[in-house]
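Trainee: Take a look at this one; I'll ask things after.
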Amino acid sequence: MRILIVTHVIAKGDGQGRVNYEIALAALEAGHEVTLLGSKAAPEISGHARARFVKIAESRLPSRLLKYQMFAWRTAQWIRAHRQDFDVIHVNGFITWARADVNAVHFVHDGWYRCGFYPFHWKDGAYAAYQVIFTRVNAWCERLAFRRARVVVPVSAKVGTEVCALGIDAARLCVIHNGIDIEEFAPGEVPRARFGLPEGPFMLLFAGDLRVPRKNLDTVLRALAATPDVHLAVAGGLRDSPYPALAESLGVNERVHFIGFIKEMPDLMRSVDAFVFPSRYEAMSLVLLEALASGLPVVTVRTAGGAEVIGAGCGIVLDNPEDEAGLAAAIARLAQDREYAKRMRTAARILAQTLTWQNMANRYLALYERIAVEHAAVSGVTGLADASPNVKTATAAVTAAKS
């Protein structure tokens, strides 16, 4: 197949860039041709013999809102001139004004705006007003982009619900969860002293942005006040964070260890006993998958995107992110019943092995082939001389069925 992927950055980091990196890598390894339309691309992808990187220079316009609009316009112009060169066009949310075959949805601005925890308001100053404008403009553009895509791919069931709320037919959706590197994140033993943590007590881990209430560390700290002897490691930048003061006011500061921003997250996860993440709003949390791959029991909530993959055998999913008593009870059970926690650790790792980057990429490639088959069938099976065997076989079957 001849595949076009449109994204700002394609690199082995986190989030959307990593997802597209893994899809492109798998497509190239499978023998497909991949064109990347974006601002930055990892050299191992852009330099591949079957890859082509078309750089869209970042605009010098003064705001992210305007930069994104300029990127969307420039990519649309390029796609209109080269659409016939591709079997499948893959975009990500609102990133271009052009139509697409696949739109992977990593975040829904309308869902974020209406979730109840949106932190910005028109009257709170120029910065807050700009954020509201940014969110609402992108929400409108996303709705149009989803309507103009052949297949919409939410990265979690939660994101799928938000897409449907925009009036998109659920029959056009195909949920594909993000993946995880199960070799980088794997069970093991790392001394807690490396992170300045005590060796003895049952140790929870919380990781996230400590400047905003969305990640819900405040509820975790209140639950901790009801679970004596349990300690909590908190990973994240502390600048402008209110949580050290909150921990002290709750009398749990001696059991809460703020360790700052940590680059060695796989080792940190190997040093603790469980992961707690009751985020009030999350589209799809990679850190949840990383915890599962590390063999950690997970305590989370349904408002955290991706929580739908966590079964009762490997974690505890609460209904309400404000349920302090329920969170405290879940933490207490893990801390007091080590065999229960041990069984969860095993189950978490087994589940993670079904959520690899390769499995995720394979699902995208299968979707691409289905779309390529439909395109080819409509055009009378022309131009398939260089198509993959799977596409040729499936297309022939579709054509035979039609005749």
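Going through the structure tokens in order, the chains are called A, B, and so on, while each chain numbers its residues from 1 and the ligands are numbered from 1 in the order shown.
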Identify, on the basis of only C-alpha atoms, every residue whose closest approach to range 254-267 of chain A does not exceed 7 Å; exclude the query and any residue fewer than 4 positions from it along the same chain; express the result as a ChimeraX atom specification.
Mentor: /A:184-185,190,231-238,271
Trainee: Which residues, written as a PyMOL selection string, have at least one atom at most 9 Å from range 163-177 of chain A, with only C-alpha atoms counted and residues fewer than 4 positions away on the same chain left out?
Mentor: chain A and resi 104-105+108+110-111+143+146-147+149-159+284+306+309+355+360+363-364+367
Trainee: Keeping only C-alpha atoms, take the residues you just selected and write them out as an mmCIF file, in the first residue's frame.
Mentor:
data_model
loop_
_atom_site.group_PDB
_atom_site.id
_atom_site.type_symbol
_atom_site.label_atom_id
_atom_site.label_comp_id
_atom_site.auth_asym_id
_atom_site.auth_seq_id
_atom_site.Cartn_x
_atom_site.Cartn_y
_atom_site.Cartn_z
ATOM 1 C CA ALA A 104 -7.134 8.864 14.701
ATOM 2 C CA VAL A 105 -8.625 10.755 17.641
ATOM 3 C CA VAL A 108 -11.556 15.713 21.821
ATOM 4 C CA ASP A 110 -15.369 19.488 22.974
ATOM 5 C CA GLY A 111 -15.228 16.648 25.506
ATOM 6 C CA ARG A 143 -16.186 18.066 14.365
ATOM 7 C CA PHE A 146 -14.448 13.740 11.891
ATOM 8 C CA ARG A 147 -17.432 14.160 9.580
ATOM 9 C CA ALA A 149 -13.221 11.051 7.469
ATOM 10 C CA ARG A 150 -14.124 7.607 6.157
ATOM 11 C CA VAL A 151 -13.264 5.877 9.465
ATOM 12 C CA VAL A 152 -12.800 7.574 12.844
ATOM 13 C CA VAL A 153 -10.417 5.803 15.246
ATOM 14 C CA PRO A 154 -10.775 6.861 18.901
ATOM 15 C CA VAL A 155 -7.860 5.770 21.108
ATOM 16 C CA SER A 156 -10.235 4.755 23.913
ATOM 17 C CA ALA A 157 -13.916 3.991 24.417
ATOM 18 C CA LYS A 158 -14.191 7.225 26.407
ATOM 19 C CA VAL A 159 -12.906 9.210 23.425
ATOM 20 C CA MET A 284 -6.120 7.896 26.894
ATOM 21 C CA GLY A 306 -8.138 3.652 28.811
ATOM 22 C CA VAL A 309 -9.008 -2.221 29.411
ATOM 23 C CA LEU A 355 -1.431 -4.151 24.293
ATOM 24 C CA MET A 360 -1.715 -1.660 17.918
ATOM 25 C CA ARG A 363 -4.774 -3.217 13.866
ATOM 26 C CA TYR A 364 -4.134 0.021 11.992
ATOM 27 C CA LEU A 367 -7.823 -1.174 8.785
#
Trainee: Report as a PyMOL selection string all protein, DNA and RNA residues lying within 8 Å of Gly179 in chain A, evaluated on only C-alpha atoms, omitting residues in the same chain fewer than 5 positions from it.
Mentor: chain A and resi 19+286+289+355-360
Trainee: For CA of Val276 in chain A and CA of Val299 in chain A, determine how far apart the two atoms are, in Å to one decimal place.
Mentor: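 The value is 4.7 Å.
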Trainee: A:Ser63, A:Gly13, A:Asp273, A:Arg114: which is nearest Tyr127 in chain A, counting only C-alpha atoms?
Mentor: A:Ser63
Trainee: Can you pull out the residues contacting Glu308 in chain A? Cut-off 10 Å, using only C-alpha atoms, and skip same-chain residues under 3 positions away; I want them as a PyMOL selection string.
Mentor: chain A and resi 156-158+301-305+311+317
Trainee: Include N, CA and C atoms and write out the residues we just selected as a PDB file, in the first residue's frame.
Mentor:
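The result, stored in again-v2.pdb:
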ATOM      1  N   SER A 156      -9.617   5.409  22.754  1.00  0.00           N
ATOM      2  CA  SER A 156     -10.235   4.755  23.913  1.00  0.00           C
ATOM      3  C   SER A 156     -11.746   4.809  23.728  1.00  0.00           C
ATOM      4  N   ALA A 157     -12.457   3.974  24.472  1.00  0.00           N
ATOM      5  CA  ALA A 157     -13.916   3.991  24.417  1.00  0.00           C
ATOM      6  C   ALA A 157     -14.455   5.330  24.911  1.00  0.00           C
ATOM      7  N   LYS A 158     -13.779   5.922  25.894  1.00  0.00           N
ATOM      8  CA  LYS A 158     -14.191   7.225  26.407  1.00  0.00           C
ATOM      9  C   LYS A 158     -14.127   8.272  25.305  1.00  0.00           C
ATOM     10  N   VAL A 301     -10.116   5.324  37.756  1.00  0.00           N
ATOM     11  CA  VAL A 301     -11.545   5.649  37.676  1.00  0.00           C
ATOM     12  C   VAL A 301     -11.990   5.647  36.214  1.00  0.00           C
ATOM     13  N   ARG A 302     -13.277   5.580  36.001  1.00  0.00           N
ATOM     14  CA  ARG A 302     -13.797   5.480  34.638  1.00  0.00           C
ATOM     15  C   ARG A 302     -13.575   6.756  33.832  1.00  0.00           C
ATOM     16  N   THR A 303     -13.355   7.880  34.498  1.00  0.00           N
ATOM     17  CA  THR A 303     -13.103   9.123  33.781  1.00  0.00           C
ATOM     18  C   THR A 303     -11.695   9.184  33.194  1.00  0.00           C
ATOM     19  N   ALA A 304     -10.863   8.221  33.532  1.00  0.00           N
ATOM     20  CA  ALA A 304      -9.518   8.141  32.968  1.00  0.00           C
ATOM     21  C   ALA A 304      -9.571   7.286  31.711  1.00  0.00           C
ATOM     22  N   GLY A 305      -9.394   7.894  30.544  1.00  0.00           N
ATOM     23  CA  GLY A 305      -9.462   7.155  29.288  1.00  0.00           C
ATOM     24  C   GLY A 305      -8.483   6.003  29.265  1.00  0.00           C
ATOM     25  N   GLY A 311      -9.353  -5.007  33.783  1.00  0.00           N
ATOM     26  CA  GLY A 311     -10.320  -5.919  34.365  1.00  0.00           C
ATOM     27  C   GLY A 311     -10.132  -6.052  35.860  1.00  0.00           C
ATOM     28  N   VAL A 317     -11.290  -0.288  39.300  1.00  0.00           N
ATOM     29  CA  VAL A 317     -11.776   0.884  38.584  1.00  0.00           C
ATOM     30  C   VAL A 317     -13.001   1.415  39.320  1.00  0.00           C
TER      31      VAL A 317
END
Trainee: Ranking A:Cys115, A:Ala27, A:Val220, A:Val6 by minimum distance to Asn92 in chain A and counting only C-alpha atoms, which one comes first?
Mentor: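 Of A:Cys115, A:Ala27, A:Val220, A:Val6, the one nearest Asn92 in chain A, counting only C-alpha atoms, is A:Val6.
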Trainee: Taking 3 positions as the minimum chain separation for residues in the same chain, which residues sit within 6 Å of Ser39 in chain A when counting only C-alpha atoms? Answer as a PyMOL selection string.
Mentor: chain A and resi 8-9+55-57
Trainee: Suppose you want the space between CA of Phe71 in chain A and CA of Phe86 in chain A; what is it in Å?
Mentor: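 Computing it gives 20.1 Å between the two atoms.
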Trainee: Any chance you could list, as a PyMOL selection string, the residues in range 130-349 of chain A that come up alpha helix (DSSP H) when DSSP is run on the backbone?
Mentor: chain A and resi 130-147+157-164+217-225+243-249+265-270+286-293+324-336+338-349
Trainee: Would you mind exporting the chosen residues as a PDB file, in the first residue's frame, restricted to C-alpha atoms?
Mentor:
ATOM      1  CA  TYR A 130      -7.322  32.751  24.687  1.00  0.00           C
ATOM      2  CA  GLN A 131      -7.487  29.159  25.985  1.00  0.00           C
ATOM      3  CA  VAL A 132     -11.279  29.175  25.678  1.00  0.00           C
ATOM      4  CA  ILE A 133     -11.039  30.490  22.111  1.00  0.00           C
ATOM      5  CA  PHE A 134      -8.381  27.886  21.300  1.00  0.00           C
ATOM      6  CA  THR A 135     -10.551  25.076  22.666  1.00  0.00           C
ATOM      7  CA  ARG A 136     -13.780  26.155  20.997  1.00  0.00           C
ATOM      8  CA  VAL A 137     -12.188  26.807  17.585  1.00  0.00           C
ATOM      9  CA  ASN A 138     -10.461  23.437  17.657  1.00  0.00           C
ATOM     10  CA  ALA A 139     -13.675  21.745  18.784  1.00  0.00           C
ATOM     11  CA  TRP A 140     -15.481  23.139  15.720  1.00  0.00           C
ATOM     12  CA  CYS A 141     -12.644  22.147  13.400  1.00  0.00           C
ATOM     13  CA  GLU A 142     -12.482  18.628  14.890  1.00  0.00           C
ATOM     14  CA  ARG A 143     -16.186  18.066  14.365  1.00  0.00           C
ATOM     15  CA  LEU A 144     -15.788  18.921  10.692  1.00  0.00           C
ATOM     16  CA  ALA A 145     -12.671  16.751  10.372  1.00  0.00           C
ATOM     17  CA  PHE A 146     -14.448  13.740  11.891  1.00  0.00           C
ATOM     18  CA  ARG A 147     -17.432  14.160   9.580  1.00  0.00           C
ATOM     19  CA  ALA A 157     -13.916   3.991  24.417  1.00  0.00           C
ATOM     20  CA  LYS A 158     -14.191   7.225  26.407  1.00  0.00           C
ATOM     21  CA  VAL A 159     -12.906   9.210  23.425  1.00  0.00           C
ATOM     22  CA  GLY A 160     -15.351   7.279  21.228  1.00  0.00           C
ATOM     23  CA  THR A 161     -18.246   8.437  23.412  1.00  0.00           C
ATOM     24  CA  GLU A 162     -17.102  12.041  23.036  1.00  0.00           C
ATOM     25  CA  VAL A 163     -16.853  11.643  19.260  1.00  0.00           C
ATOM     26  CA  CYS A 164     -20.387  10.247  19.086  1.00  0.00           C
ATOM     27  CA  LEU A 217      -3.915  14.095  43.461  1.00  0.00           C
ATOM     28  CA  ASP A 218      -5.978  15.924  46.097  1.00  0.00           C
ATOM     29  CA  THR A 219      -8.391  12.990  46.378  1.00  0.00           C
ATOM     30  CA  VAL A 220      -5.461  10.562  46.581  1.00  0.00           C
ATOM     31  CA  LEU A 221      -3.971  12.539  49.483  1.00  0.00           C
ATOM     32  CA  ARG A 222      -7.296  12.574  51.325  1.00  0.00           C
ATOM     33  CA  ALA A 223      -7.684   8.834  50.793  1.00  0.00           C
ATOM     34  CA  LEU A 224      -4.155   8.349  52.084  1.00  0.00           C
ATOM     35  CA  ALA A 225      -5.137  10.069  55.326  1.00  0.00           C
ATOM     36  CA  TYR A 243       0.007  19.582  46.887  1.00  0.00           C
ATOM     37  CA  PRO A 244       2.971  19.632  49.302  1.00  0.00           C
ATOM     38  CA  ALA A 245       1.022  22.141  51.417  1.00  0.00           C
ATOM     39  CA  LEU A 246      -2.138  20.020  51.154  1.00  0.00           C
ATOM     40  CA  ALA A 247      -0.241  16.906  52.279  1.00  0.00           C
ATOM     41  CA  GLU A 248       1.052  18.788  55.298  1.00  0.00           C
ATOM     42  CA  SER A 249      -2.398  20.116  56.194  1.00  0.00           C
ATOM     43  CA  MET A 265       9.965   5.944  35.000  1.00  0.00           C
ATOM     44  CA  PRO A 266      10.419   2.220  34.177  1.00  0.00           C
ATOM     45  CA  ASP A 267      12.811   1.818  37.125  1.00  0.00           C
ATOM     46  CA  LEU A 268      10.588   3.862  39.407  1.00  0.00           C
ATOM     47  CA  MET A 269       7.649   1.604  38.579  1.00  0.00           C
ATOM     48  CA  ARG A 270       9.782  -1.433  39.364  1.00  0.00           C
ATOM     49  CA  LEU A 286      -0.247   5.866  28.466  1.00  0.00           C
ATOM     50  CA  VAL A 287       0.965   5.858  32.062  1.00  0.00           C
ATOM     51  CA  LEU A 288      -1.833   3.404  32.951  1.00  0.00           C
ATOM     52  CA  LEU A 289      -0.565   1.016  30.282  1.00  0.00           C
ATOM     53  CA  GLU A 290       3.013   1.515  31.463  1.00  0.00           C
ATOM     54  CA  ALA A 291       1.969   0.564  34.986  1.00  0.00           C
ATOM     55  CA  LEU A 292       0.247  -2.588  33.729  1.00  0.00           C
ATOM     56  CA  ALA A 293       3.321  -3.562  31.727  1.00  0.00           C
ATOM     57  CA  GLU A 324     -12.428   9.249  48.721  1.00  0.00           C
ATOM     58  CA  ALA A 325     -13.867   6.380  50.770  1.00  0.00           C
ATOM     59  CA  GLY A 326     -13.883   4.003  47.807  1.00  0.00           C
ATOM     60  CA  LEU A 327     -10.331   4.967  46.884  1.00  0.00           C
ATOM     61  CA  ALA A 328      -9.169   4.486  50.469  1.00  0.00           C
ATOM     62  CA  ALA A 329     -10.836   1.049  50.612  1.00  0.00           C
ATOM     63  CA  ALA A 330      -9.175  -0.024  47.355  1.00  0.00           C
ATOM     64  CA  ILE A 331      -5.756   1.107  48.576  1.00  0.00           C
ATOM     65  CA  ALA A 332      -6.255  -0.575  51.948  1.00  0.00           C
ATOM     66  CA  ARG A 333      -7.176  -3.917  50.390  1.00  0.00           C
ATOM     67  CA  LEU A 334      -4.061  -3.939  48.205  1.00  0.00           C
ATOM     68  CA  ALA A 335      -1.849  -2.975  51.150  1.00  0.00           C
ATOM     69  CA  GLN A 336      -3.347  -5.468  53.593  1.00  0.00           C
ATOM     70  CA  ARG A 338      -0.346  -8.980  49.638  1.00  0.00           C
ATOM     71  CA  GLU A 339      -1.451 -12.218  47.915  1.00  0.00           C
ATOM     72  CA  TYR A 340      -4.332 -10.341  46.318  1.00  0.00           C
ATOM     73  CA  ALA A 341      -1.903  -7.682  45.123  1.00  0.00           C
ATOM     74  CA  LYS A 342       0.516 -10.338  43.867  1.00  0.00           C
ATOM     75  CA  ARG A 343      -2.195 -11.988  41.737  1.00  0.00           C
ATOM     76  CA  MET A 344      -3.028  -8.594  40.295  1.00  0.00           C
ATOM     77  CA  ARG A 345       0.613  -8.001  39.408  1.00  0.00           C
ATOM     78  CA  THR A 346       0.687 -11.196  37.364  1.00  0.00           C
ATOM     79  CA  ALA A 347      -2.627 -10.420  35.657  1.00  0.00           C
ATOM     80  CA  ALA A 348      -1.528  -6.862  34.857  1.00  0.00           C
ATOM     81  CA  ARG A 349       1.553  -8.085  33.028  1.00  0.00           C
TER      82      ARG A 349
END
Trainee: When you count only C-alpha atoms, which of these residues is closest to Thr354 in chain A: A:Ile23, A:Ala376, A:Asn178, A:Arg52?
Mentor: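 The shortest atom-to-atom distance to Thr354 in chain A comes from A:Asn178.
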